[in-house]
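J.: This is upload.cif, which holds mmCIF, C-alpha atoms:
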data_input
loop_
_atom_site.label_atom_id
_atom_site.label_comp_id
_atom_site.auth_asym_id
_atom_site.auth_seq_id
_atom_site.Cartn_x
_atom_site.Cartn_y
_atom_site.Cartn_z
CA MET A 1 143.44 96.44 175.97
CA THR A 2 141.10 99.38 175.47
CA ALA A 3 137.69 99.07 173.90
CA ARG A 4 138.89 100.80 170.71
CA VAL A 5 141.80 98.45 170.32
CA ARG A 6 139.50 95.50 170.90
CA ILE A 7 137.06 96.76 168.26
CA GLY A 8 139.97 97.25 165.88
CA VAL A 9 141.19 93.70 166.44
CA VAL A 10 137.71 92.26 165.91
CA ALA A 11 137.20 94.32 162.74
CA THR A 12 140.57 93.19 161.41
CA VAL A 13 139.73 89.55 162.10
CA VAL A 14 136.33 89.90 160.38
CA VAL A 15 137.85 91.56 157.31
CA ALA A 16 140.59 88.91 157.18
CA ALA A 17 137.96 86.17 157.38
CA VAL A 18 135.93 87.70 154.54
CA VAL A 19 139.00 88.19 152.35
CA GLY A 20 140.23 84.69 153.18
CA THR A 21 136.86 83.22 152.21
CA LEU A 22 136.87 85.12 148.92
CA VAL A 23 140.39 83.95 148.13
CA LEU A 24 139.80 80.34 149.15
CA THR A 25 136.57 80.05 147.16
CA GLY A 26 138.21 81.51 144.07
CA ALA A 27 135.84 84.47 143.97
CA LEU A 28 138.78 86.84 143.46
CA GLY A 29 140.32 84.69 140.75
CA PRO A 30 140.48 85.71 137.11
CA ARG A 31 137.12 85.76 135.35
CA ASP A 32 136.51 83.34 132.56
CA ASP A 33 135.88 85.83 129.79
CA SER A 34 136.98 83.58 126.98
CA ARG A 35 134.84 83.90 123.88
CA VAL A 36 132.22 81.28 123.33
CA GLN A 37 133.42 79.13 120.46
CA GLU A 38 131.55 79.21 117.18
CA LEU A 39 130.88 75.92 115.46
CA GLY A 40 129.93 75.16 111.91
CA LEU A 41 127.47 72.54 110.78
CA GLY A 42 128.88 69.07 111.26
CA GLU A 43 131.54 70.18 113.76
CA PRO A 44 131.44 68.00 116.87
CA LEU A 45 131.26 69.39 120.37
CA SER A 46 131.96 67.52 123.58
CA THR A 47 130.45 68.79 126.80
CA SER A 48 130.26 67.30 130.25
CA ARG A 49 126.69 66.18 129.57
CA ALA A 50 126.78 65.06 125.96
CA ASP A 51 128.65 64.82 122.69
CA LEU A 52 126.70 66.55 119.97
CA VAL A 53 126.83 67.66 116.36
CA VAL A 54 124.47 70.11 114.69
CA ASP A 55 123.84 68.40 111.37
CA ALA A 56 121.41 70.87 109.84
CA PHE A 57 120.04 74.31 110.66
CA THR A 58 117.51 75.74 108.26
CA THR A 59 114.11 77.36 107.86
CA GLY A 60 111.00 75.26 108.16
CA GLU A 61 107.96 74.81 105.96
CA GLU A 62 105.86 77.32 107.87
CA PRO A 63 106.94 81.00 107.75
CA GLY A 64 109.18 81.79 110.71
CA ASP A 65 109.82 78.17 111.59
CA VAL A 66 113.39 77.07 112.20
CA VAL A 67 114.48 73.44 111.97
CA VAL A 68 117.53 72.09 113.80
CA THR A 69 118.84 68.56 113.37
CA MET A 70 121.27 67.46 116.04
CA THR A 71 122.97 64.15 116.82
CA VAL A 72 123.44 63.58 120.54
CA VAL A 73 125.13 61.05 122.80
CA ASN A 74 124.13 61.58 126.41
CA HIS A 75 126.92 61.06 128.98
CA LEU A 76 124.78 61.49 132.07
CA ASP A 77 123.62 58.54 134.12
CA GLU A 78 120.01 59.37 133.39
CA SER A 79 117.91 60.27 130.38
CA MET A 80 118.06 63.91 129.35
CA GLY A 81 115.73 66.15 127.38
CA VAL A 82 117.41 67.58 124.29
CA ASP A 83 115.57 70.83 124.98
CA ASP A 84 118.08 71.34 127.77
CA LEU A 85 121.02 71.37 125.39
CA ALA A 86 120.30 74.32 123.11
CA VAL A 87 118.29 77.51 122.80
CA LEU A 88 117.42 79.43 119.65
CA VAL A 89 118.45 83.11 119.89
CA ASP A 90 118.67 86.17 117.66
CA ASP A 91 119.91 89.76 118.08
CA GLU A 92 117.08 90.53 120.49
CA GLY A 93 117.70 87.56 122.74
CA GLU A 94 115.86 84.29 123.15
CA LEU A 95 113.81 83.39 120.10
CA ALA A 96 112.58 79.95 121.13
CA ARG A 97 113.52 77.49 123.84
CA TYR A 98 111.22 74.58 123.05
CA GLY A 99 110.14 73.02 119.81
CA THR A 100 108.58 69.88 118.48
CA THR A 101 111.20 67.14 118.44
CA THR A 102 111.08 63.95 116.45
CA ILE A 103 113.40 61.15 115.45
CA GLN A 104 113.51 59.18 112.26
CA THR A 105 115.18 55.81 112.49
CA PRO A 106 116.68 54.19 109.39
CA GLY A 107 114.23 51.86 107.75
CA SER A 108 111.25 53.27 109.61
CA THR A 109 108.25 54.47 107.66
CA SER A 110 107.30 57.11 110.21
CA THR A 111 108.75 59.70 112.52
CA THR A 112 108.49 59.28 116.26
CA GLY A 113 107.98 62.05 118.73
CA ALA A 114 110.92 61.94 121.12
CA SER A 115 112.95 64.49 122.98
CA SER A 116 114.73 62.25 125.44
CA ALA A 117 118.38 61.35 124.86
CA GLN A 118 119.07 58.00 126.48
CA PRO A 119 122.44 57.53 128.21
CA GLY A 120 125.08 56.12 125.88
CA VAL A 121 122.71 55.83 122.91
CA GLU A 122 123.40 57.97 119.84
CA GLU A 123 120.28 59.53 118.40
CA THR A 124 119.54 62.17 115.77
CA PHE A 125 116.81 64.58 116.81
CA THR A 126 115.03 67.05 114.56
CA THR A 127 113.42 69.97 116.35
CA VAL A 128 111.02 72.37 114.65
CA TYR A 129 110.93 75.69 116.48
CA SER A 130 107.95 77.98 115.89
CA PRO A 131 108.97 81.30 117.45
CA SER A 132 106.23 83.60 118.70
CA ARG A 133 107.93 86.64 117.09
CA ASP A 134 109.84 87.42 113.92
CA ALA A 135 113.59 86.82 114.05
CA VAL A 136 115.79 89.93 114.17
CA GLY A 137 119.33 89.80 112.79
CA ASP A 138 121.43 86.65 113.07
CA VAL A 139 119.66 83.51 114.19
CA ARG A 140 121.91 81.31 116.31
CA LEU A 141 121.71 78.15 118.31
CA GLU A 142 123.26 78.57 121.73
CA ILE A 143 124.54 75.28 123.06
CA SER A 144 124.90 75.07 126.80
CA ASP A 145 126.66 72.86 129.27
CA ALA A 146 125.75 72.54 132.90
CA THR A 147 127.20 71.37 136.15
CA TRP A 148 124.93 69.33 138.36
CA THR A 149 125.09 70.73 141.86
CA GLU A 150 123.82 68.12 144.23
CA ARG A 151 122.29 69.36 147.44
CA ASP A 152 121.18 67.52 150.47
CA GLU A 153 117.68 66.28 149.80
CA THR A 154 117.35 64.37 153.04
CA ALA A 155 118.17 67.13 155.45
CA PHE A 156 116.04 69.81 153.87
CA GLY A 157 113.46 67.67 152.16
CA LEU A 158 112.51 69.95 149.34
CA GLY A 159 115.19 68.91 146.87
CA SER A 160 117.22 71.87 145.78
CA ASN A 161 119.41 70.06 143.28
CA MET A 162 120.07 72.31 140.33
CA TYR A 163 122.02 72.83 137.16
CA ASP A 164 124.49 75.69 136.92
CA GLU A 165 124.17 76.32 133.21
CA ARG A 166 126.43 78.23 130.82
CA VAL A 167 126.69 78.72 127.05
CA VAL A 168 129.69 76.89 125.57
CA ALA A 169 129.19 77.25 121.81
CA ILE A 170 127.04 78.85 119.17
CA VAL A 171 126.08 77.74 115.69
CA ARG A 172 124.85 80.35 113.20
CA MET A 173 122.04 79.57 110.82
CA PRO A 174 123.55 79.55 107.32
CA MET B 175 137.80 96.97 199.17
CA SER B 176 136.69 93.44 199.79
CA ARG B 177 133.22 94.39 198.56
CA LEU B 178 134.78 95.68 195.30
CA ASP B 179 136.85 92.50 195.04
CA GLY B 180 133.69 90.45 195.45
CA ALA B 181 131.86 92.42 192.77
CA GLY B 182 134.82 92.13 190.37
CA GLY B 183 134.96 88.40 190.95
CA ALA B 184 131.28 88.04 190.20
CA VAL B 185 131.66 89.98 186.94
CA ARG B 186 134.65 87.83 185.93
CA ARG B 187 132.71 84.66 186.65
CA LEU B 188 129.78 85.99 184.63
CA VAL B 189 132.08 86.85 181.70
CA THR B 190 133.74 83.45 181.94
CA ARG B 191 130.39 81.67 181.93
CA ARG B 192 129.28 83.65 178.89
CA ARG B 193 132.52 82.83 177.08
CA ILE B 194 132.09 79.17 177.88
CA ALA B 195 128.47 79.30 176.70
CA THR B 196 129.55 81.02 173.48
CA GLY B 197 132.21 78.37 172.94
CA VAL B 198 129.74 75.56 173.56
CA VAL B 199 127.23 77.07 171.09
CA ALA B 200 129.97 77.58 168.48
CA ALA B 201 131.18 74.00 168.94
CA ALA B 202 127.61 72.69 168.68
CA LEU B 203 127.04 74.65 165.47
CA ALA B 204 130.32 73.36 164.03
CA LEU B 205 129.36 69.80 164.97
CA ALA B 206 125.90 70.25 163.43
CA THR B 207 127.52 71.57 160.26
CA LEU B 208 129.75 68.51 160.03
CA LEU B 209 126.79 66.19 160.66
CA VAL B 210 124.67 67.82 157.94
CA ALA B 211 127.60 67.78 155.52
CA SER B 212 128.17 64.08 156.14
CA VAL B 213 124.58 63.08 155.35
CA ASP B 214 124.29 61.57 151.88
CA PRO B 215 121.50 62.92 149.70
CA GLY B 216 118.72 60.46 150.19
CA PRO B 217 116.50 58.95 147.56
CA THR B 218 113.37 60.08 149.34
CA LEU B 219 112.18 62.40 146.60
CA ARG B 220 112.67 59.94 143.80
CA TRP B 221 111.89 56.64 145.41
CA SER B 222 109.43 55.79 148.06
CA PRO B 223 111.18 55.18 151.37
CA PHE B 224 109.41 51.82 151.62
CA PRO B 225 109.21 50.44 148.09
CA GLY B 226 108.01 46.97 147.30
CA ILE B 227 111.08 45.08 146.12
CA GLY B 228 111.15 41.70 144.46
CA THR B 229 112.68 39.51 141.79
CA GLY B 230 110.34 38.96 138.87
CA SER B 231 107.45 40.55 140.69
CA ALA B 232 106.84 42.94 143.53
CA SER B 233 103.95 44.62 145.29
CA SER B 234 103.57 47.74 147.30
CA GLY B 235 100.34 49.27 148.46
CA PRO B 236 97.71 48.81 145.76
CA LEU B 237 100.25 48.13 142.99
CA THR B 238 101.65 44.82 141.77
CA VAL B 239 104.09 44.56 138.89
CA GLU B 240 105.21 41.29 137.33
CA VAL B 241 107.95 40.95 134.75
CA HIS B 242 107.53 37.69 132.84
CA GLY B 243 110.60 38.02 130.69
CA ALA B 244 113.14 40.28 129.06
CA THR B 245 114.31 40.29 125.46
CA LEU B 246 117.30 42.11 124.03
CA ALA B 247 116.90 43.27 120.46
CA SER B 248 118.61 45.48 117.94
CA SER B 249 115.27 46.51 116.42
CA ILE B 250 111.62 46.35 117.33
CA ALA B 251 108.62 45.74 115.14
CA TYR B 252 105.46 47.48 116.20
CA ARG B 253 102.35 47.45 114.02
CA ASP B 254 103.67 47.99 110.48
CA ASP B 255 106.84 49.76 111.47
CA VAL B 256 110.39 48.67 112.29
CA LEU B 257 112.45 50.87 114.57
CA THR B 258 116.18 50.60 115.11
CA THR B 259 118.62 51.91 117.68
CA THR B 260 122.33 52.51 117.98
CA GLY B 261 122.03 50.94 121.44
CA THR B 262 120.05 47.86 122.43
CA PHE B 263 116.34 47.57 123.04
CA VAL B 264 115.30 45.94 126.28
CA VAL B 265 111.76 44.65 125.84
CA LEU B 266 110.04 43.70 129.08
CA ASP B 267 106.94 41.53 129.12
CA VAL B 268 104.92 42.88 132.03
CA THR B 269 101.65 42.64 133.86
CA MET B 270 100.58 45.37 136.19
CA ALA B 271 97.65 45.33 138.53
CA SER B 272 96.22 47.65 141.10
CA THR B 273 93.55 47.37 143.73
CA ASP B 274 92.98 51.12 143.66
CA GLU B 275 92.88 54.00 141.19
CA ILE B 276 96.46 55.14 140.62
CA ASP B 277 98.17 57.58 138.35
CA ILE B 278 101.41 56.11 137.05
CA LEU B 279 104.04 58.71 136.45
CA ALA B 280 107.31 56.89 136.00
CA ARG B 281 108.43 53.63 134.48
CA ASP B 282 112.19 53.65 134.46
CA LEU B 283 114.84 51.00 134.00
CA VAL B 284 118.00 51.18 136.07
CA VAL B 285 121.01 49.25 134.81
CA ASP B 286 124.32 49.53 136.62
CA GLY B 287 123.19 52.78 138.22
CA VAL B 288 122.14 54.35 134.90
CA ARG B 289 118.49 55.35 134.71
CA PHE B 290 116.63 55.09 131.40
CA ASP B 291 113.25 56.61 130.55
CA LEU B 292 110.73 54.55 128.67
CA SER B 293 111.66 54.68 124.98
CA THR B 294 109.19 56.59 122.85
CA LYS B 295 109.97 54.15 120.03
CA GLY B 296 107.91 51.57 121.84
CA PRO B 297 104.13 51.54 122.06
CA SER B 298 102.90 54.58 123.88
CA SER B 299 99.53 53.19 124.83
CA TRP B 300 101.07 52.17 128.15
CA MET B 301 100.43 55.77 129.07
CA GLU B 302 96.73 55.29 128.50
CA SER B 303 96.53 51.82 129.95
CA HIS B 304 96.66 52.34 133.64
CA PRO B 305 95.31 49.36 135.49
CA ALA B 306 91.84 49.90 136.84
CA PRO B 307 90.99 48.25 140.15
CA GLY B 308 90.71 44.54 139.45
CA MET B 309 91.63 44.93 135.78
CA PRO B 310 95.35 44.36 135.22
CA VAL B 311 97.17 45.45 132.09
CA SER B 312 99.63 43.25 130.21
CA GLY B 313 101.98 43.74 127.30
CA GLN B 314 105.46 44.96 126.56
CA ILE B 315 107.35 48.06 127.46
CA VAL B 316 110.50 49.09 125.68
CA PHE B 317 113.68 50.72 126.87
CA GLU B 318 116.59 51.78 124.72
CA VAL B 319 119.87 51.35 126.55
CA ASP B 320 123.61 51.53 126.06
CA SER B 321 124.67 48.21 124.49
CA ALA B 322 127.77 48.01 126.66
CA LEU B 323 125.58 47.74 129.75
CA VAL B 324 123.39 44.82 128.70
CA ASP B 325 124.81 42.87 125.77
CA ASP B 326 126.82 40.58 128.06
CA GLY B 327 123.96 40.23 130.51
CA ALA B 328 123.05 42.46 133.41
CA THR B 329 120.81 42.89 136.39
CA ALA B 330 118.22 45.57 135.78
CA TRP B 331 115.58 47.14 137.99
CA LEU B 332 112.19 48.17 136.65
CA LEU B 333 110.86 51.09 138.68
CA VAL B 334 107.18 51.91 138.60
CA ALA B 335 106.21 55.01 140.54
CA PRO B 336 102.64 56.11 140.98
CA GLY B 337 103.99 59.43 142.20
CA PHE B 338 102.40 61.72 144.73
CA ASP B 339 98.85 61.69 145.91
CA ALA B 340 96.77 64.81 146.47
CA SER B 341 98.10 65.33 149.95
CA GLY B 342 101.68 65.32 148.74
CA ASP B 343 102.61 62.01 150.34
CA LEU B 344 104.59 59.43 148.45
CA GLU B 345 102.50 56.53 147.29
CA ALA B 346 103.87 53.04 147.16
CA GLN B 347 106.50 52.28 144.58
CA VAL B 348 107.54 48.99 143.12
CA ARG B 349 111.03 47.90 142.14
CA VAL B 350 111.32 44.64 140.26
CA ARG B 351 114.66 42.97 139.68
CA VAL B 352 115.06 41.51 136.23
CA ASP B 353 118.00 39.49 134.94
CA VAL B 354 118.65 40.63 131.40
CA SER B 355 120.79 38.43 129.21
CA GLY B 356 121.38 37.69 125.57
CA PRO B 357 121.33 36.78 122.85
CA VAL B 358 120.47 40.08 121.20
CA VAL B 359 117.84 39.16 118.63
CA GLU B 360 117.62 41.05 115.40
CA ARG B 361 113.99 41.96 115.82
CA ALA B 362 111.47 41.77 118.64
CA GLU B 363 107.74 41.94 118.01
CA VAL B 364 106.20 44.33 120.49
CA ALA B 365 102.65 43.99 121.76
CA VAL B 366 100.91 46.98 123.20
CA VAL B 367 100.16 47.03 126.90
CA SER B 368 96.43 46.73 127.36
CA ARG B 369 93.69 45.20 129.45
#
Written as structure tokens, that's how I'd like the structure from this file.

T.:
Amino acid sequence: MTARVRIGVVATVVVAAVVGTLVLTGALGPRDDSRVQELGLGEPLSTSRADLVVDAFTTGEEPGDVVVTMTVVNHLDESMGVDDLAVLVDDEGELARYGTTTIQTPGSTSTTGASSAQPGVEETFTTVYSPSRDAVGDVRLEISDATWTERDETAFGLGSNMYDERVVAIVRMP
Amino acid sequence: MSRLDGAGGAVRRLVTRRRIATGVVAAALALATLLVASVDPGPTLRWSPFPGIGTGSASSGPLTVEVHGATLASSIAYRDDVLTTTGTFVVLDVTMASTDEIDILARDLVVDGVRFDLSTKGPSSWMESHPAPGMPVSGQIVFEVDSALVDDGATAWLLVAPGFDASGDLEAQVRVRVDVSGPVVERAEVAVVSR
């Protein structure tokens, strides 16, 4: 076997290995280009992390403020911040990611600051967003789901667990 | 001729040795890959590797946590307010003491593998009532949990984590086992944790 033939064989094996890896990992599979579903107020959505319903979506008392009321049941085995579930966007992109979240329980005389959805406990959260810029065009709430990718914390010590997050639905402000 | 044969033999032996070495390295890497893949993610970042564990009370390092009792309730009364839940409140009567200055970061309740943050519906002064050396704090902390996990009784773990010190090392952590059982009372009066 000459050197050229040997190089050719090695190159073929390498290319086959790369292609095989791409095929086996699904990287060459069809892309998921399905449109993100659009929900109306009161329409329920079930994600891998939580069941949720956007009950209200309106402007706030202060100019530019946006108020979102959302009922959430957390399916994870740990408490989850409701900030992780949705982001306020407009035609120029992200409008606000975090707001001031409260809950009002029936019979209570006051609101309670709370942004943590407890596992298996239904709670209605009201978040007041105060964007740092004026909204442009349509204001939407982008609801995301995420897959928890667990990494080996023991071997590498620094804890590289992470969420692979994606938008699964939008709700337009009426 | 024999000299050429000898040289060719030496080259073949060298090539063979290199191939064997390459194979050994590849096998070692494959074995190491399998070993790393088989290691379960450890709890080292969330829990101290040597927590103080006990039933009803536990100590670790400077920290001692006692749980005097647990009450299940469908609502809590705190000051002049009544707060409800679609789940069940677990109200723990606790005393916490420390022999050193500590900065408490986490107070979680684990029931059947599900981890609950402290409910913000309960008194929040716990946050401001860290035990000073020699001055324990007592009162009630409130968790809001899935009714299905506790209404028929359950074993729960209260986790108190002082977190990391300035050098990045884990400080002692305490895990207290608490048997939680009914009945679920309609309302529990909650007293703030204080000195």

J.: For a quick check of understanding, using only C-alpha atoms, which of A:Leu85, A:Met173, A:Val73, A:Ala96 has the smallest distance to chain B?

T.: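 Comparing A:Leu85, A:Met173, A:Val73, A:Ala96 against chain B, the winner is A:Val73.
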
J.: Using only C-alpha atoms, can you tell me which of B:Leu188, B:Val350, B:Ala335, B:Val285 comes closest to chain A?

T.: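 Among the listed residues, the smallest separation from chain A belongs to B:Val285.
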
J.: Using only C-alpha atoms, pick whichever of B:Ile250, B:Val319, B:Ala271, B:Val241 has the shortest atom-to-atom distance to chain A.

T.: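 The shortest atom-to-atom distance to chain A comes from B:Val319.
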
J.: At a cut-off of 6 Å, list the chain B residues touching chain A, using only C-alpha atoms, as a VMD selection string.

T.: chain B and resid 215 to 216 255 to 258 260 to 261 288 to 291 294 320

J.: Which residue, B:Val334, B:Gln347, B:Ala322, B:Ser249, has the smallest gap to Glu360 in chain B when you use all atoms listed in the file?

T.: B:Ser249

J.: Nearest residue to Arg97 in chain A out of A:Val128, A:Val36, A:Val54, A:Ala169, using all atoms listed in the file?

T.: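 With all atoms listed in the file as the atom set, the closest residue is A:Val128.
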